[in-house]
$ cat model27.cif   # mmCIF, C-alpha atoms
data_target
#
loop_
_atom_site.group_PDB
_atom_site.id
_atom_site.type_symbol
_atom_site.label_atom_id
_atom_site.label_comp_id
_atom_site.auth_asym_id
_atom_site.auth_seq_id
_atom_site.Cartn_x
_atom_site.Cartn_y
_atom_site.Cartn_z
ATOM 1 C CA MET A 253 96.460 105.249 104.175
ATOM 2 C CA HIS A 254 97.657 108.448 105.868
ATOM 3 C CA ILE A 255 98.834 108.213 109.489
ATOM 4 C CA SER A 256 98.042 111.287 111.560
ATOM 5 C CA ASP A 257 100.231 112.979 114.165
ATOM 6 C CA GLY A 258 100.249 111.383 117.614
ATOM 7 C CA ILE A 259 99.601 107.851 116.356
ATOM 8 C CA LEU A 260 103.157 106.536 116.083
ATOM 9 C CA SER A 261 105.604 106.035 118.916
ATOM 10 C CA SER A 262 108.573 108.392 118.912
ATOM 11 C CA GLU A 263 110.955 105.524 118.077
ATOM 12 C CA VAL A 264 108.995 104.532 114.967
ATOM 13 C CA ALA A 265 108.483 108.162 113.900
ATOM 14 C CA ILE A 266 112.217 108.944 114.168
ATOM 15 C CA THR A 267 113.309 105.704 112.487
ATOM 16 C CA THR A 268 110.952 106.165 109.535
ATOM 17 C CA ALA A 269 112.002 109.814 109.210
ATOM 18 C CA VAL A 270 115.679 108.802 108.964
ATOM 19 C CA ILE A 271 114.886 106.098 106.386
ATOM 20 C CA THR A 272 112.820 108.580 104.377
ATOM 21 C CA ALA A 273 115.659 111.111 104.426
ATOM 22 C CA GLY A 274 117.914 108.476 102.849
ATOM 23 C CA LEU A 275 115.304 107.587 100.228
ATOM 24 C CA VAL A 276 114.778 111.249 99.302
ATOM 25 C CA MET A 277 118.546 111.699 98.926
ATOM 26 C CA TYR A 278 118.470 108.729 96.560
ATOM 27 C CA SER A 279 115.727 110.462 94.575
ATOM 28 C CA LEU A 280 117.706 113.712 94.381
ATOM 29 C CA LYS A 281 120.752 111.783 93.176
ATOM 30 C CA ASN A 282 118.687 110.335 90.321
ATOM 31 C CA LEU A 283 116.790 113.524 89.496
ATOM 32 C CA LYS A 284 117.641 114.964 86.085
ATOM 33 C CA SER A 285 116.694 118.385 84.779
ATOM 34 C CA LYS A 286 114.564 116.859 82.022
ATOM 35 C CA ASN A 287 112.507 114.955 84.631
ATOM 36 C CA ILE A 288 111.726 117.838 86.984
ATOM 37 C CA ALA A 289 108.452 118.738 85.246
ATOM 38 C CA LEU A 290 107.260 115.111 85.271
ATOM 39 C CA VAL A 291 108.198 114.627 88.935
ATOM 40 C CA SER A 292 106.290 117.824 89.798
ATOM 41 C CA ALA A 293 103.300 116.667 87.768
ATOM 42 C CA MET A 294 103.252 113.332 89.611
ATOM 43 C CA SER A 295 103.254 115.190 92.942
ATOM 44 C CA ALA A 296 100.167 117.045 91.735
ATOM 45 C CA VAL A 297 98.529 113.824 90.511
ATOM 46 C CA PHE A 298 99.049 112.178 93.893
ATOM 47 C CA PHE A 299 97.878 115.287 95.756
ATOM 48 C CA ILE A 300 94.641 115.486 93.763
ATOM 49 C CA ALA A 301 93.947 111.740 93.543
ATOM 50 C CA SER A 302 94.101 111.414 97.334
ATOM 51 C CA PHE A 303 91.032 113.645 97.585
ATOM 52 C CA ILE A 304 88.858 111.478 95.352
ATOM 53 C CA HIS A 305 86.948 109.570 98.010
ATOM 54 C CA ILE A 306 84.729 106.612 97.210
ATOM 55 C CA PRO A 307 82.016 105.722 99.785
ATOM 56 C CA LEU A 308 82.151 102.090 100.907
ATOM 57 C CA GLY A 309 79.605 101.177 103.576
ATOM 58 C CA PRO A 310 80.493 102.961 106.829
ATOM 59 C CA THR A 311 83.885 104.101 105.544
ATOM 60 C CA GLN A 312 85.553 105.668 102.505
ATOM 61 C CA ILE A 313 88.509 104.712 100.353
ATOM 62 C CA HIS A 314 90.566 107.059 98.220
ATOM 63 C CA LEU A 315 92.806 106.796 95.194
ATOM 64 C CA ILE A 316 96.582 107.167 95.398
ATOM 65 C CA LEU A 317 97.678 106.007 91.907
ATOM 66 C CA ILE A 318 101.145 105.058 93.166
ATOM 67 C CA GLY A 319 101.498 102.269 90.598
ATOM 68 C CA ILE A 320 101.346 104.578 87.599
ATOM 69 C CA ILE A 321 103.410 107.230 89.405
ATOM 70 C CA GLY A 322 106.079 104.650 90.223
ATOM 71 C CA ILE A 323 106.540 103.379 86.669
ATOM 72 C CA LEU A 324 106.648 106.917 85.263
ATOM 73 C CA ILE A 325 109.297 108.434 87.543
ATOM 74 C CA GLY A 326 111.046 105.425 89.133
ATOM 75 C CA PRO A 327 113.694 106.436 91.715
ATOM 76 C CA CYS A 328 112.326 109.987 91.906
ATOM 77 C CA VAL A 329 109.074 108.752 93.439
ATOM 78 C CA PHE A 330 110.323 109.324 97.008
ATOM 79 C CA LEU A 331 110.854 113.033 96.363
ATOM 80 C CA SER A 332 107.575 113.383 94.474
ATOM 81 C CA ILE A 333 105.466 111.740 97.188
ATOM 82 C CA LEU A 334 107.282 113.661 99.938
ATOM 83 C CA ILE A 335 106.372 116.979 98.304
ATOM 84 C CA ALA A 336 102.717 115.988 97.918
ATOM 85 C CA LEU A 337 102.405 114.652 101.477
ATOM 86 C CA LEU A 338 104.151 117.704 102.926
ATOM 87 C CA PHE A 339 101.716 120.050 101.192
ATOM 88 C CA GLN A 340 98.764 117.922 102.319
ATOM 89 C CA ALA A 341 99.963 117.978 105.929
ATOM 90 C CA VAL A 342 100.845 121.688 106.075
ATOM 91 C CA LEU A 343 98.025 123.167 104.006
ATOM 92 C CA LEU A 344 95.173 120.785 104.724
ATOM 93 C CA GLY A 345 96.052 118.907 107.899
ATOM 94 C CA TYR A 346 95.840 115.639 105.998
ATOM 95 C CA GLY A 347 98.270 113.139 107.535
ATOM 96 C CA GLY A 348 100.876 114.733 109.797
ATOM 97 C CA ILE A 349 104.356 116.191 110.197
ATOM 98 C CA THR A 350 105.694 113.748 112.803
ATOM 99 C CA SER A 351 104.319 110.849 110.765
ATOM 100 C CA LEU A 352 105.587 112.246 107.439
ATOM 101 C CA GLY A 353 108.483 109.793 107.247
ATOM 102 C CA ALA A 354 106.201 106.819 107.791
ATOM 103 C CA ASN A 355 103.643 108.072 105.258
ATOM 104 C CA VAL A 356 106.322 108.587 102.611
ATOM 105 C CA ILE A 357 107.566 105.023 103.112
ATOM 106 C CA ILE A 358 104.038 103.591 103.006
ATOM 107 C CA MET A 359 103.178 105.371 99.749
ATOM 108 C CA SER A 360 106.442 105.585 97.839
ATOM 109 C CA LEU A 361 108.355 102.388 98.608
ATOM 110 C CA PRO A 362 105.663 100.150 97.028
ATOM 111 C CA ALA A 363 105.621 102.487 94.009
ATOM 112 C CA TYR A 364 109.378 102.093 93.570
ATOM 113 C CA ILE A 365 109.212 98.319 94.057
ATOM 114 C CA THR A 366 106.530 98.174 91.364
ATOM 115 C CA TYR A 367 108.800 100.172 89.056
ATOM 116 C CA LEU A 368 111.625 97.649 89.604
ATOM 117 C CA VAL A 369 109.319 94.657 89.141
ATOM 118 C CA VAL A 370 107.945 96.019 85.863
ATOM 119 C CA LYS A 371 111.364 97.107 84.574
ATOM 120 C CA LYS A 372 112.853 93.664 85.259
ATOM 121 C CA GLY A 373 109.944 92.049 83.418
ATOM 122 C CA TRP A 374 108.592 90.017 86.323
ATOM 123 C CA PHE A 375 105.015 90.743 85.185
ATOM 124 C CA ASP A 376 105.747 89.866 81.555
ATOM 125 C CA ARG A 377 104.245 86.378 81.811
ATOM 126 C CA LEU A 378 100.878 87.950 82.499
ATOM 127 C CA SER A 379 98.527 88.985 79.716
ATOM 128 C CA GLU A 380 98.662 92.674 78.845
ATOM 129 C CA LYS A 381 95.448 93.619 80.651
ATOM 130 C CA ILE A 382 96.301 91.619 83.781
ATOM 131 C CA LYS A 383 99.779 93.131 83.786
ATOM 132 C CA TYR A 384 98.438 96.680 83.692
ATOM 133 C CA PHE A 385 95.874 95.803 86.354
ATOM 134 C CA ALA A 386 98.634 94.359 88.557
ATOM 135 C CA ILE A 387 100.623 97.590 88.275
ATOM 136 C CA GLY A 388 97.751 99.324 90.076
ATOM 137 C CA PHE A 389 96.787 96.487 92.430
ATOM 138 C CA PHE A 390 100.239 95.363 93.631
ATOM 139 C CA PRO A 391 101.557 98.636 95.162
ATOM 140 C CA VAL A 392 98.328 99.297 97.068
ATOM 141 C CA LEU A 393 98.561 95.786 98.506
ATOM 142 C CA LEU A 394 102.162 96.477 99.573
ATOM 143 C CA SER A 395 101.189 99.867 101.009
ATOM 144 C CA THR A 396 98.487 98.284 103.117
ATOM 145 C CA PHE A 397 100.943 95.718 104.499
ATOM 146 C CA LEU A 398 103.483 98.451 105.260
ATOM 147 C CA LEU A 399 100.816 100.504 107.005
ATOM 148 C CA ALA A 400 99.847 97.513 109.143
ATOM 149 C CA LEU A 401 103.499 96.758 109.926
ATOM 150 C CA ILE A 402 104.368 100.309 110.951
ATOM 151 C CA LEU A 403 101.263 100.602 113.129
ATOM 152 C CA SER A 404 101.913 97.258 114.831
ATOM 153 C CA LEU A 405 105.562 98.205 115.475
ATOM 154 C CA SER A 406 104.359 101.377 117.153
ATOM 155 C CA LYS A 407 101.782 99.782 119.458
ATOM 156 C CA LYS A 408 100.602 96.196 119.749
ATOM 157 C CA GLU A 409 97.028 97.462 120.157
ATOM 158 C CA TYR A 410 97.127 98.709 116.566
ATOM 159 C CA LEU A 411 97.473 95.156 115.262
ATOM 160 C CA TYR A 412 93.698 94.647 115.457
ATOM 161 C CA ALA A 413 93.047 97.958 113.730
ATOM 162 C CA SER A 414 95.508 96.934 111.010
ATOM 163 C CA VAL A 415 93.325 93.960 110.072
ATOM 164 C CA THR A 416 90.317 96.245 109.654
ATOM 165 C CA ILE A 417 92.374 98.717 107.609
ATOM 166 C CA PHE A 418 93.576 95.932 105.327
ATOM 167 C CA LEU A 419 90.044 94.632 104.706
ATOM 168 C CA ALA A 420 88.762 98.154 104.051
ATOM 169 C CA ASN A 421 91.466 98.679 101.426
ATOM 170 C CA VAL A 422 90.831 95.477 99.456
ATOM 171 C CA PRO A 423 88.233 97.223 97.234
ATOM 172 C CA ALA A 424 90.728 100.075 96.746
ATOM 173 C CA MET A 425 93.271 97.599 95.374
ATOM 174 C CA PHE A 426 90.838 96.458 92.691
ATOM 175 C CA ILE A 427 89.700 99.996 91.865
ATOM 176 C CA GLU A 428 93.323 101.161 91.527
ATOM 177 C CA GLY A 429 94.010 98.159 89.297
ATOM 178 C CA VAL A 430 91.158 98.981 86.940
ATOM 179 C CA ILE A 431 91.967 102.709 86.789
ATOM 180 C CA THR A 432 95.655 101.993 86.196
ATOM 181 C CA LEU A 433 94.728 99.619 83.363
ATOM 182 C CA PHE A 434 92.862 102.407 81.584
ATOM 183 C CA LEU A 435 95.536 105.018 82.340
ATOM 184 C CA ILE A 436 98.348 102.905 80.880
ATOM 185 C CA ASN A 437 96.302 102.145 77.759
ATOM 186 C CA TYR A 438 95.670 105.880 77.381
ATOM 187 C CA LEU A 439 99.359 106.766 77.846
ATOM 188 C CA LYS A 440 100.407 104.136 75.312
ATOM 189 C CA LYS A 441 98.305 105.938 72.705
ATOM 190 C CA SER A 442 98.918 109.550 73.721
ATOM 191 C CA SER A 443 102.447 109.620 75.216
ATOM 192 C CA PRO A 444 104.194 106.280 74.624
ATOM 193 C CA GLU A 445 107.617 107.841 75.274
ATOM 194 C CA LEU A 446 106.746 108.050 78.980
ATOM 195 C CA LEU A 447 106.565 104.258 79.198
ATOM 196 C CA LYS A 448 109.713 103.387 77.236
ATOM 197 C CA GLU A 449 111.930 103.009 80.304
ATOM 198 C CA VAL A 450 109.774 100.192 81.696
ATOM 199 C CA ASN A 451 109.150 98.607 78.279
ATOM 200 C CA LEU A 452 105.375 98.962 78.263
#

$ encode --input "model27.cif" --output "structure tokens"
Amino acid sequence: MHISDGILSSEVAITTAVITAGLVMYSLKNLKSKNIALVSAMSAVFFIASFIHIPLGPTQIHLILIGIIGILIGPCVFLSILIALLFQAVLLGYGGITSLGANVIIMSLPAYITYLVVKKGWFDRLSEKIKYFAIGFFPVLLSTFLLALILSLSKKEYLYASVTIFLANVPAMFIEGVITLFLINYLKKSSPELLKEVNL
């Protein structure tokens, strides 16, 4: 899911950086002192989860857990993901600095959309297990589409690579769905107060 430096055109890199700056300002506006610890914890969760790689044929897929992160911190997800991606890029060379804006959009926007969808009850018609699965599946699907869109806007040649990337991430969508299902069930028993805002 991470785009490395040198992949995006300068126009796309600058545009996504400006959009990300606006989204992070939105996060800061909604950040409350009581949420700082949770936002920091979600940065750590994302940072660590991204390094859990699962072999799949000739390639590997990795967890991002943006569904669960999105419903737990809502509007603050842009700041949380930015921090995690910045540390990954600077400390480990994972992703890139010039592509940081694009990577933040790809990871955090679907997480925030999932938060809104769940909060507004658009998944409520689903059974409980399918609903929790969808919270993990849906944002990864959106992330993959955003990744393909940003790559294709940068260079037309990337359109073919985008199809391959999408197909490679289909198993990741299902894995994220299953893991998110178990995580939400665990949180409902251990820390139900974390899920009150989205009525889970």

$ closest_residue --input "model27.cif" --among "A:Asn355, A:Ser360, A:Thr366, A:Thr396" --to "Ala269 of chain A" --atoms "only C-alpha atoms"
A:Asn355

$ closest_residue --input "model27.cif" --among "A:Tyr412, A:Ala341, A:Phe303, A:Gly326" --to "Lys284 of chain A" --atoms "only C-alpha atoms"
A:Gly326

$ closest_atom_pairs --input "model27.cif" --of "segment 278-391 of chain A" --to "segment 425-434 of chain A" --cutoff "8 Å" --atoms "only C-alpha atoms" --output "JSON lines"
{"residue": "A:Leu315", "atom": "CA", "partner": "A:Glu428", "partner_atom": "CA", "distance": 6.7}
{"residue": "A:Ile316", "atom": "CA", "partner": "A:Glu428", "partner_atom": "CA", "distance": 7.9}
{"residue": "A:Leu317", "atom": "CA", "partner": "A:Glu428", "partner_atom": "CA", "distance": 6.5}
{"residue": "A:Gly319", "atom": "CA", "partner": "A:Thr432", "partner_atom": "CA", "distance": 7.3}
{"residue": "A:Ile320", "atom": "CA", "partner": "A:Thr432", "partner_atom": "CA", "distance": 6.4}
{"residue": "A:Lys381", "atom": "CA", "partner": "A:Leu433", "partner_atom": "CA", "distance": 6.6}
{"residue": "A:Tyr384", "atom": "CA", "partner": "A:Leu433", "partner_atom": "CA", "distance": 4.7}
{"residue": "A:Phe385", "atom": "CA", "partner": "A:Gly429", "partner_atom": "CA", "distance": 4.2}
{"residue": "A:Ala386", "atom": "CA", "partner": "A:Gly429", "partner_atom": "CA", "distance": 6.0}
{"residue": "A:Ile387", "atom": "CA", "partner": "A:Gly429", "partner_atom": "CA", "distance": 6.7}
{"residue": "A:Gly388", "atom": "CA", "partner": "A:Gly429", "partner_atom": "CA", "distance": 4.0}
{"residue": "A:Phe389", "atom": "CA", "partner": "A:Gly429", "partner_atom": "CA", "distance": 4.5}
{"residue": "A:Phe390", "atom": "CA", "partner": "A:Met425", "partner_atom": "CA", "distance": 7.5}

$ atom_distance --input "model27.cif" --atom1 "atom CA of Ile365 of chain A" --atom2 "atom CA of Ser406 of chain A"
23.8 Å

$ closest_atom_pairs --input "model27.cif" --of "segment 324-362 of chain A" --to "segment 286-302 of chain A" --cutoff "8 Å" --atoms "all atoms listed in the file" --output "tab-separated table"
residue	atom	partner	partner_atom	distance
A:Ile325	CA	A:Val291	CA	6.4
A:Cys328	CA	A:Val291	CA	6.9
A:Val329	CA	A:Val291	CA	7.5
A:Ser332	CA	A:Ser295	CA	4.9
A:Ile333	CA	A:Ser295	CA	5.9
A:Ile335	CA	A:Ser295	CA	6.5
A:Ala336	CA	A:Ser295	CA	5.1
A:Leu337	CA	A:Phe299	CA	7.3
A:Gln340	CA	A:Phe299	CA	7.1

$ resolve_selection --input "model27.cif" --expression "the PyMOL selection byres ((chain A and resi 255) around 12)" --output "PyMOL selection string"
chain A and resi 253-254+256-261+265+337+341+345-359+396+398-400+402-403+406+410+414+417

$ atom_distance --input "model27.cif" --atom1 "atom CA of Phe330 of chain A" --atom2 "atom CA of Pro444 of chain A"
23.4 Å
